[in-house]
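S.K.: I have a structure here, written as structure tokens, and I will follow up with some questions on it.
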Amino acid sequence: MKRKVNYLGNRELLAEIHKSKTTYCCFIDDEAKNYDLILRDIKDIKEATIAQALQNRIDRLTRQAKDQLKADNASATKISAFNIDPDSIDPTTLVFRVMTYEHIPLDTERTRKAVKNSDNHIKVNFPPFKHYRLDAENNLVEVGKSHWANGLHNGEFSVNGGKLTNRLASQFMLLVERYSQKGNWRGYTYLDDMKGQALVQLIDAALKFDEGMSDNPFSYYTMIITNCFRGILNSEKRVSDIKNKIMVESGYSATFEKQAEGDVGGSSD
């Protein structure tokens with residue numbers, strides 16, 4: 001029996017975010033694409049974080065193997081007994097993602113004083129990073145970096161070289177559609193405007209999600225949708241208030257909706 005997949009679950013969303021980001025990156029090999037630990041500073045790669053990266057790798061491989069066993073209808077005993085020997089994993093294969101702007105060119109057109117580390121760099125569509133591995137002598141080797149194309153060591157900065165996966169785009173459409181079906185939104189005549197604006201904002205913010213800060217992209221994207229829906233609602237209400245005010249001042253009755261609210265009276269005739 002095929003494993004049932006939660007199409008909008010955090011694991012599925014994280015997988016598509018990762019695949020989308022890698023299209024904007026350059027790696028020395030395919031194995032360098034998948035990171036085992038995210039760090040904020042290259043100096044944080046030390047004995048403790050190496051052990052944590054190793055455990056993360058074991059947890060990921062174990063989860064994948066157990067999912068496959070479930071799909072193959074293996075017994076519960078076999079699934080629960082499965083484990084991976086830490087000694088079977090070569091430490092030099094571990095990949096560390098280090099968040100950094102050091103390979104992002106400076107924006108020479110900006111004249112204002114930079115406040116944050118990223119403010120004086122060219123704007124990119126998600127927090128930039130580099131991938132590292134340790135060699136046999138425990139020396140750090142750069143094996144990948146974001147916003148790069150045409151070769152890791154002889155390539156060039158590129159901010160437009162990738163794209164969102166089709167699956168992630170489909171997930172966004174489904175997220176918006178399901179959210180719009182909630183009872184408190186279904187009755188609005190401008191629901192399509194809400195959905196359209198939410199999709200635009202999701203596409204714009206899609207890859208800004210930082211996996212090192214949270215493993216819950218579902219909540220992140222849902223908050224974006226909520227803010228878009230509320231923004232359109234408030235905008236429409238302001239337009240409606242202005243319209244009703246003009247109608248009342250011109251001697252006409254307010255709309256039935258406003259009269260029901262009791263905020264605006266009818267005409268004085």
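Chain identifiers are assigned as A, B, and so on, following the order in which chains appear in the structure tokens; residues are numbered from 1 within each chain, and ligands are numbered from 1 in order of appearance.
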Mind checking DSSP for range 46-140 of chain A and telling me the strand (DSSP E) residues as JSON, numbers by chain?
M.R.: {"A": [96, 97, 98, 99, 129, 130, 131, 132, 133, 134, 140]}
S.K.: With N, CA and C atoms retained, write the just-selected residues as a PDB file, in the first residue's frame.
M.R.:
```pdb
ATOM      1  N   PHE A  96      26.989  20.969   5.834  1.00  0.00           N
ATOM      2  CA  PHE A  96      26.576  22.061   6.717  1.00  0.00           C
ATOM      3  C   PHE A  96      26.165  23.260   5.875  1.00  0.00           C
ATOM      4  N   ARG A  97      24.978  23.764   6.122  1.00  0.00           N
ATOM      5  CA  ARG A  97      24.529  24.998   5.466  1.00  0.00           C
ATOM      6  C   ARG A  97      24.844  26.165   6.399  1.00  0.00           C
ATOM      7  N   VAL A  98      25.642  27.096   5.909  1.00  0.00           N
ATOM      8  CA  VAL A  98      26.013  28.273   6.695  1.00  0.00           C
ATOM      9  C   VAL A  98      25.396  29.502   6.038  1.00  0.00           C
ATOM     10  N   MET A  99      24.573  30.212   6.783  1.00  0.00           N
ATOM     11  CA  MET A  99      23.912  31.401   6.256  1.00  0.00           C
ATOM     12  C   MET A  99      24.933  32.544   6.164  1.00  0.00           C
ATOM     13  N   PHE A 129      23.216  31.423   1.349  1.00  0.00           N
ATOM     14  CA  PHE A 129      23.974  30.469   2.157  1.00  0.00           C
ATOM     15  C   PHE A 129      25.065  29.803   1.333  1.00  0.00           C
ATOM     16  N   LYS A 130      25.941  29.120   2.044  1.00  0.00           N
ATOM     17  CA  LYS A 130      26.941  28.252   1.432  1.00  0.00           C
ATOM     18  C   LYS A 130      26.865  26.885   2.088  1.00  0.00           C
ATOM     19  N   HIS A 131      27.248  25.852   1.356  1.00  0.00           N
ATOM     20  CA  HIS A 131      27.311  24.500   1.896  1.00  0.00           C
ATOM     21  C   HIS A 131      28.773  24.090   2.054  1.00  0.00           C
ATOM     22  N   TYR A 132      29.060  23.406   3.160  1.00  0.00           N
ATOM     23  CA  TYR A 132      30.426  22.958   3.445  1.00  0.00           C
ATOM     24  C   TYR A 132      30.432  21.484   3.858  1.00  0.00           C
ATOM     25  N   ARG A 133      31.565  20.842   3.567  1.00  0.00           N
ATOM     26  CA  ARG A 133      31.848  19.506   4.085  1.00  0.00           C
ATOM     27  C   ARG A 133      33.252  19.505   4.691  1.00  0.00           C
ATOM     28  N   LEU A 134      33.523  18.546   5.552  1.00  0.00           N
ATOM     29  CA  LEU A 134      34.856  18.367   6.116  1.00  0.00           C
ATOM     30  C   LEU A 134      35.605  17.296   5.323  1.00  0.00           C
ATOM     31  N   LEU A 140      37.572  22.484   6.213  1.00  0.00           N
ATOM     32  CA  LEU A 140      36.298  22.803   5.595  1.00  0.00           C
ATOM     33  C   LEU A 140      36.470  22.994   4.098  1.00  0.00           C
TER      34      LEU A 140
END
```
S.K.: What's around range 32-35 of chain A at 10 Å? Count only C-alpha atoms, leave out sequence neighbours fewer than 2 positions away in its own chain, and write the answer as a list of chain:residue names.
M.R.: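 Using only C-alpha atoms, the neighbours found are A:His18, A:Lys19, A:Lys21, A:Thr22, A:Cys25, A:Cys26, A:Phe27, A:Ile28, A:Asp29, A:Asp30, A:Leu37, A:Ile38, A:Ala53, A:Asn56, A:Arg57, A:Thr93, A:Leu94, A:Val95, A:Phe96, A:Arg97, A:Val98, A:His131, A:Tyr132, A:Arg133, A:Glu142, A:Val143, A:Gly144, A:Lys145.
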S.K.: Taking only C-alpha atoms into account, which of A:Leu8, A:Ile42, A:Ile203, A:Ala198 comes nearest Asn139 in chain A?
M.R.: A:Ile42
S.K.: Excluding Trp185 in chain A and residues on its chain fewer than 4 positions from it, collect all residues at most 10 Å away from it, counting only C-alpha atoms, and give them as a list in words.
M.R.: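 The neighbour list is Tyr179, Ser180, Gln181, Thr189, Tyr190, Leu191, Met194, Phe229, Arg230 and Leu233 of chain A.
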S.K.: Hey, can you check how far CA of Lys208 in chain A sits from CA of Ala48 in chain A?
M.R.: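 Going from CA of Lys208 in chain A over to CA of Ala48 in chain A covers 28.0 Å.
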S.K.: Which of these, A:Thr92, A:Thr222, A:Thr49, A:Thr23, has the shortest distance to Gln171 in chain A once you count only C-alpha atoms?
M.R.: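 Ranked by minimum distance to Gln171 in chain A, first place goes to A:Thr222.
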S.K.: Excluding Leu168 in chain A and residues on its chain fewer than 3 positions from it, collect all residues at most 10 Å away from it, counting only C-alpha atoms, and give them as a ChimeraX atom specification.
M.R.: /A:7-8,12-17,19-20,164-165,171-174,203,206
S.K.: Keeping N, CA and C atoms for every residue in the selection just given, could you write it to a file as a short mmCIF file (atom, residue, chain, number, x, y, z; two decimals), in the first residue's frame?
M.R.:
```cif
data_model
loop_
_atom_site.label_atom_id
_atom_site.label_comp_id
_atom_site.auth_asym_id
_atom_site.auth_seq_id
_atom_site.Cartn_x
_atom_site.Cartn_y
_atom_site.Cartn_z
N TYR A 7 -0.41 16.25 1.54
CA TYR A 7 0.09 17.11 0.47
C TYR A 7 0.48 18.49 0.98
N LEU A 8 -0.21 18.97 2.02
CA LEU A 8 0.06 20.29 2.57
C LEU A 8 0.74 20.22 3.94
N GLU A 12 6.13 17.90 3.41
CA GLU A 12 5.99 18.06 1.96
C GLU A 12 6.34 19.47 1.53
N LEU A 13 5.90 20.46 2.30
CA LEU A 13 6.21 21.85 1.97
C LEU A 13 7.71 22.11 2.06
N LEU A 14 8.34 21.61 3.12
CA LEU A 14 9.78 21.80 3.29
C LEU A 14 10.57 21.17 2.14
N ALA A 15 10.11 20.01 1.69
CA ALA A 15 10.79 19.34 0.59
C ALA A 15 10.74 20.17 -0.68
N GLU A 16 9.58 20.78 -0.96
CA GLU A 16 9.45 21.58 -2.18
C GLU A 16 10.17 22.92 -2.06
N ILE A 17 10.20 23.49 -0.86
CA ILE A 17 10.97 24.72 -0.65
C ILE A 17 12.45 24.44 -0.94
N LYS A 19 13.77 21.99 -2.80
CA LYS A 19 13.97 21.75 -4.23
C LYS A 19 13.97 23.06 -5.02
N SER A 20 13.08 23.96 -4.65
CA SER A 20 13.00 25.25 -5.35
C SER A 20 14.27 26.07 -5.12
N LEU A 164 10.31 28.29 -8.78
CA LEU A 164 9.55 27.45 -7.87
C LEU A 164 9.20 26.15 -8.58
N THR A 165 9.15 25.06 -7.84
CA THR A 165 8.72 23.81 -8.45
C THR A 165 7.22 23.88 -8.75
N GLN A 171 0.71 23.56 -4.45
CA GLN A 171 0.42 23.57 -3.01
C GLN A 171 -0.10 24.94 -2.59
N PHE A 172 0.47 26.00 -3.13
CA PHE A 172 0.00 27.35 -2.82
C PHE A 172 -1.45 27.53 -3.26
N MET A 173 -1.75 27.07 -4.47
CA MET A 173 -3.12 27.20 -4.98
C MET A 173 -4.11 26.44 -4.10
N LEU A 174 -3.71 25.27 -3.65
CA LEU A 174 -4.59 24.48 -2.79
C LEU A 174 -4.73 25.11 -1.41
N ILE A 203 3.77 33.75 -3.77
CA ILE A 203 4.85 33.57 -4.75
C ILE A 203 6.02 34.47 -4.39
N ALA A 206 7.60 33.07 -1.11
CA ALA A 206 7.70 31.61 -1.07
C ALA A 206 9.00 31.10 -0.47
#
```
S.K.: Mind checking DSSP for range 40-163 of chain A and telling me the alpha helix (DSSP H) residues as a PyMOL selection string?
M.R.: chain A and resi 47-71+76-81
S.K.: Go ahead and compute the interatomic distance for CA of Gln197 in chain A and CA of Ala169 in chain A, in Å to one decimal.
M.R.: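 According to the coordinates, CA of Gln197 in chain A and CA of Ala169 in chain A are separated by 14.4 Å.
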S.K.: Using only C-alpha atoms for the distances, tell me which of A:Arg238, A:Asp192, A:Leu175, A:Asn166 is nearest to Met223 in chain A.
M.R.: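 Comparing A:Arg238, A:Asp192, A:Leu175, A:Asn166 against Met223 in chain A, the winner is A:Leu175.
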S.K.: Give me, as a PyMOL selection string, all polymer residues having an atom no more than 8 Å from Tyr220 in chain A, counting only C-alpha atoms and skipping those fewer than 4 positions away in the same chain.
M.R.: chain A and resi 209+216+224
S.K.: Hey, what's within 7 Å of Lys66 in chain A if we count only C-alpha atoms and toss same-chain stuff fewer than 4 positions away? As a list in words, please?
M.R.: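 Answer for this query is Thr62, Lys70 and Ile79 of chain A.
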S.K.: Output N, CA and C atoms for every residue in the selection just made, as a PDB file, in the first residue's frame.
M.R.:
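Result file follows (out-v4.pdb):
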```pdb
ATOM      1  N   THR A  62      16.519   7.261   8.714  1.00  0.00           N
ATOM      2  CA  THR A  62      15.642   6.325   9.418  1.00  0.00           C
ATOM      3  C   THR A  62      14.186   6.575   9.059  1.00  0.00           C
ATOM      4  N   LYS A  70       6.821   0.882   5.525  1.00  0.00           N
ATOM      5  CA  LYS A  70       5.364   0.954   5.651  1.00  0.00           C
ATOM      6  C   LYS A  70       4.697   0.800   4.289  1.00  0.00           C
ATOM      7  N   ILE A  79       9.522  -2.673  11.403  1.00  0.00           N
ATOM      8  CA  ILE A  79       9.654  -1.216  11.277  1.00  0.00           C
ATOM      9  C   ILE A  79      10.257  -0.615  12.540  1.00  0.00           C
TER      10      ILE A  79
END
```
